[in-house]
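Okay, model_38.txt now, which holds compact mmCIF, N, CA and C atoms:
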```txt
# COMPACT_ATOMS: atom_id res chain seq x y z
N MET W 23 249.46 319.04 100.82
CA MET W 23 250.38 318.27 100.01
C MET W 23 250.57 318.92 98.64
N PHE W 24 249.50 319.41 98.04
CA PHE W 24 249.61 320.07 96.75
C PHE W 24 250.46 321.33 96.86
N GLN W 25 250.31 322.06 97.96
CA GLN W 25 251.09 323.28 98.18
C GLN W 25 252.58 322.95 98.19
N ARG W 26 252.95 321.87 98.82
CA ARG W 26 254.36 321.46 98.88
C ARG W 26 254.88 321.15 97.48
N PHE W 27 254.06 320.50 96.65
CA PHE W 27 254.45 320.19 95.27
C PHE W 27 254.69 321.48 94.50
N VAL W 28 253.81 322.46 94.66
CA VAL W 28 253.95 323.74 93.97
C VAL W 28 255.24 324.44 94.42
N GLU W 29 255.52 324.40 95.71
CA GLU W 29 256.75 325.01 96.22
C GLU W 29 257.98 324.32 95.64
N GLN W 30 257.97 323.00 95.56
CA GLN W 30 259.10 322.26 95.01
C GLN W 30 259.32 322.63 93.54
N ARG W 31 258.24 322.73 92.79
CA ARG W 31 258.35 323.11 91.37
C ARG W 31 258.89 324.53 91.23
N THR W 32 258.46 325.43 92.11
CA THR W 32 258.93 326.81 92.08
C THR W 32 260.43 326.87 92.37
N LEU W 33 260.86 326.12 93.39
CA LEU W 33 262.28 326.09 93.74
C LEU W 33 263.12 325.49 92.60
N LEU W 34 262.62 324.43 92.00
CA LEU W 34 263.33 323.80 90.89
C LEU W 34 263.44 324.76 89.70
N ALA W 35 262.35 325.43 89.36
CA ALA W 35 262.36 326.36 88.23
C ALA W 35 263.35 327.51 88.49
N LYS W 36 263.37 328.02 89.71
CA LYS W 36 264.27 329.12 90.04
C LYS W 36 265.72 328.66 89.97
N SER W 37 266.01 327.47 90.48
CA SER W 37 267.38 326.97 90.45
C SER W 37 267.83 326.73 89.00
N GLU W 38 266.94 326.24 88.16
CA GLU W 38 267.28 326.05 86.75
C GLU W 38 267.55 327.39 86.06
N LYS W 39 266.77 328.40 86.40
CA LYS W 39 266.97 329.73 85.82
C LYS W 39 268.31 330.32 86.26
N LEU W 40 268.64 330.15 87.55
CA LEU W 40 269.92 330.63 88.05
C LEU W 40 271.08 329.90 87.38
N TYR W 41 270.93 328.59 87.22
CA TYR W 41 271.97 327.80 86.57
C TYR W 41 272.18 328.27 85.13
N HIS W 42 271.10 328.48 84.42
CA HIS W 42 271.20 328.94 83.04
C HIS W 42 271.90 330.31 82.98
N SER W 43 271.52 331.21 83.87
CA SER W 43 272.15 332.53 83.91
C SER W 43 273.64 332.42 84.20
N ALA W 44 274.00 331.56 85.13
CA ALA W 44 275.41 331.39 85.50
C ALA W 44 276.22 330.81 84.35
N MET W 45 275.61 329.94 83.56
CA MET W 45 276.33 329.30 82.47
C MET W 45 276.44 330.18 81.22
N THR W 46 275.52 331.12 81.07
CA THR W 46 275.48 331.90 79.83
C THR W 46 275.92 333.35 79.97
N SER W 47 276.22 333.78 81.18
CA SER W 47 276.67 335.17 81.33
C SER W 47 277.75 335.25 82.41
N PRO W 48 278.61 336.24 82.32
CA PRO W 48 279.67 336.41 83.32
C PRO W 48 279.19 337.19 84.55
N GLU W 49 277.89 337.29 84.72
CA GLU W 49 277.32 338.11 85.80
C GLU W 49 277.72 337.61 87.19
N PHE W 50 277.80 336.29 87.37
CA PHE W 50 278.07 335.72 88.69
C PHE W 50 279.39 334.96 88.70
N THR W 51 280.11 335.08 89.81
CA THR W 51 281.27 334.21 90.02
C THR W 51 280.74 332.86 90.50
N ASN W 52 281.59 331.86 90.50
CA ASN W 52 281.18 330.54 91.00
C ASN W 52 280.71 330.62 92.44
N ASP W 53 281.42 331.38 93.26
CA ASP W 53 281.04 331.51 94.67
C ASP W 53 279.68 332.18 94.82
N GLU W 54 279.42 333.22 94.03
CA GLU W 54 278.12 333.89 94.09
C GLU W 54 277.00 332.96 93.65
N PHE W 55 277.26 332.19 92.62
CA PHE W 55 276.27 331.23 92.12
C PHE W 55 275.95 330.19 93.19
N GLU W 56 276.99 329.64 93.80
CA GLU W 56 276.79 328.64 94.85
C GLU W 56 276.02 329.22 96.03
N GLN W 57 276.30 330.48 96.37
CA GLN W 57 275.58 331.13 97.46
C GLN W 57 274.10 331.28 97.13
N GLN W 58 273.79 331.65 95.89
CA GLN W 58 272.39 331.80 95.49
C GLN W 58 271.66 330.47 95.51
N LEU W 59 272.37 329.38 95.25
CA LEU W 59 271.73 328.07 95.24
C LEU W 59 271.63 327.44 96.62
N SER W 60 272.19 328.10 97.64
CA SER W 60 272.04 327.56 98.99
C SER W 60 270.55 327.52 99.34
N SER W 61 270.17 326.58 100.15
CA SER W 61 268.75 326.42 100.49
C SER W 61 268.13 327.70 101.03
N ALA W 62 268.80 328.33 101.99
CA ALA W 62 268.25 329.53 102.62
C ALA W 62 268.05 330.64 101.59
N SER W 63 269.01 330.81 100.73
CA SER W 63 268.92 331.86 99.71
C SER W 63 267.85 331.55 98.67
N LEU W 64 267.79 330.30 98.24
CA LEU W 64 266.83 329.91 97.21
C LEU W 64 265.39 330.06 97.72
N TYR W 65 265.14 329.65 98.94
CA TYR W 65 263.79 329.84 99.52
C TYR W 65 263.44 331.32 99.57
N ARG W 66 264.41 332.16 100.00
CA ARG W 66 264.16 333.59 100.10
C ARG W 66 263.90 334.19 98.73
N LEU W 67 264.69 333.82 97.72
CA LEU W 67 264.51 334.34 96.37
C LEU W 67 263.13 333.98 95.81
N CYS W 68 262.60 332.84 96.22
CA CYS W 68 261.29 332.39 95.74
C CYS W 68 260.14 332.86 96.61
N GLY W 69 260.45 333.51 97.73
CA GLY W 69 259.41 333.98 98.63
C GLY W 69 258.68 332.85 99.34
N ILE W 70 259.40 331.76 99.60
CA ILE W 70 258.82 330.59 100.26
C ILE W 70 259.45 330.43 101.63
N GLU W 71 258.63 330.12 102.61
CA GLU W 71 259.10 329.85 103.96
C GLU W 71 259.78 328.49 103.98
N PRO W 72 261.04 328.42 104.43
CA PRO W 72 261.72 327.11 104.48
C PRO W 72 261.01 326.15 105.45
N PRO W 73 261.07 324.87 105.18
CA PRO W 73 260.43 323.91 106.10
C PRO W 73 261.15 323.89 107.44
N ARG W 74 260.40 323.65 108.47
CA ARG W 74 260.99 323.55 109.82
C ARG W 74 261.50 322.14 110.02
N LYS W 75 262.61 322.07 110.69
CA LYS W 75 263.21 320.74 110.95
C LYS W 75 262.66 320.12 112.18
```
Encoded form (structure tokens):
Amino acid sequence: MFQRFVEQRTLLAKSEKLYHSAMTSPEFTNDEFEQQLSSASLYRLCGIEPPRK
């Protein structure tokens, strides 16, 4: 259970960092930003195995 909490905090921190980057620099288009925030991409960027359904 603690591991899941750590993973959630990691995902949240990464998404906040991506959001900040998207808002403060012209590096990403809206489509690229949305793609990075997709669940599959966000898990991969954080090095976390997505939960199985």
Give me, please, the distance in Å between atom N of Leu34 (chain W) and atom N of Ser63 (chain W), quoted to one decimal.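 Answer for the atom N of Leu34 (chain W) to atom N of Ser63 (chain W) separation: 12.6 Å.
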d(atom C of Ala35 (chain W), CA of Glu71 (chain W)) in Å: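 Computing the Euclidean distance for atom C of Ala35 (chain W) and CA of Glu71 (chain W) yields 16.2 Å.
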Which residue is closest to Leu64 (chain W)? Choose from W:Gln25, W:Ser47, W:Ser37, W:Gln30 and count only C-alpha atoms.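 Once distances to Leu64 (chain W) are computed over only C-alpha atoms, the minimum belongs to W:Ser37.
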Would you mind reading off the distance between atom N of Cys68 (chain W) and CA of Phe24 (chain W), one decimal, in Å?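 We find that atom N of Cys68 (chain W) and CA of Phe24 (chain W) lie 18.2 Å from each other.
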Which of W:Pro73, W:Pro48, W:Ala62, W:Gln57 sits closest to Glu29 (chain W) [using only C-alpha atoms]: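 The closest residue to Glu29 (chain W) is W:Pro73.
Backbone DSSP of region 33-70 of chain W yields helix (DSSP H, G or I) at Leu33, Leu34, Ala35, Lys36, Ser37, Glu38, Lys39, Leu40, Tyr41, His42, Ser43, Ala44, Met45, Thr46, Asn52, Asp53, Glu54, Phe55, Glu56, Gln57, Gln58, Ser61, Ala62, Ser63, Leu64, Tyr65, Arg66, Leu67 and Cys68 of chain W.
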Pull C-alpha atoms for chain W from the block and write them as a CSV table (one decimal), in the first residue's frame.
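Generated output (part01.csv):
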```csv
chain,number,residue,atom,x,y,z
W,23,MET,CA,0.0,0.0,0.0
W,24,PHE,CA,2.8,2.4,0.8
W,25,GLN,CA,4.4,1.6,-2.6
W,26,ARG,CA,1.2,2.6,-4.3
W,27,PHE,CA,1.2,5.9,-2.4
W,28,VAL,CA,4.8,6.6,-3.5
W,29,GLU,CA,3.9,5.8,-7.1
W,30,GLN,CA,0.9,8.2,-7.0
W,31,ARG,CA,3.1,11.0,-5.6
W,32,THR,CA,5.7,10.4,-8.3
W,33,LEU,CA,3.1,10.5,-11.0
W,34,LEU,CA,1.6,13.7,-9.6
W,35,ALA,CA,4.9,15.4,-9.3
W,36,LYS,CA,5.9,14.5,-12.9
W,37,SER,CA,2.5,15.7,-14.2
W,38,GLU,CA,2.9,19.0,-12.3
W,39,LYS,CA,6.4,19.4,-13.7
W,40,LEU,CA,5.2,18.8,-17.3
W,41,TYR,CA,2.3,21.2,-16.8
W,42,HIS,CA,4.7,23.9,-15.5
W,43,SER,CA,7.0,23.3,-18.5
W,44,ALA,CA,4.1,23.5,-21.0
W,45,MET,CA,2.8,26.8,-19.5
W,46,THR,CA,6.2,28.5,-19.3
W,47,SER,CA,8.0,27.5,-22.5
W,48,PRO,CA,7.1,27.1,-26.1
W,49,GLU,CA,8.8,23.7,-26.1
W,50,PHE,CA,5.6,21.6,-26.5
W,51,THR,CA,2.5,22.0,-28.6
W,52,ASN,CA,-0.8,21.4,-26.9
W,53,ASP,CA,-1.0,18.0,-28.6
W,54,GLU,CA,2.4,17.0,-27.5
W,55,PHE,CA,1.6,18.1,-23.9
W,56,GLU,CA,-1.6,16.1,-23.9
W,57,GLN,CA,0.3,13.0,-25.2
W,58,GLN,CA,2.8,13.3,-22.5
W,59,LEU,CA,0.1,13.4,-19.9
W,60,SER,CA,-1.6,10.3,-21.2
W,61,SER,CA,-1.5,7.5,-18.6
W,62,ALA,CA,0.7,5.2,-20.6
W,63,SER,CA,3.2,7.9,-21.3
W,64,LEU,CA,3.2,9.3,-17.8
W,65,TYR,CA,3.9,5.9,-16.3
W,66,ARG,CA,6.7,5.3,-18.8
W,67,LEU,CA,8.3,8.7,-18.1
W,68,CYS,CA,8.3,7.9,-14.4
W,69,GLY,CA,9.6,4.3,-14.8
W,70,ILE,CA,6.5,2.8,-13.1
W,71,GLU,CA,4.7,-0.2,-14.3
W,72,PRO,CA,1.0,0.7,-15.0
W,73,PRO,CA,-1.6,-1.1,-12.9
W,74,ARG,CA,-3.2,-4.1,-14.5
W,75,LYS,CA,-6.9,-3.9,-15.1
```
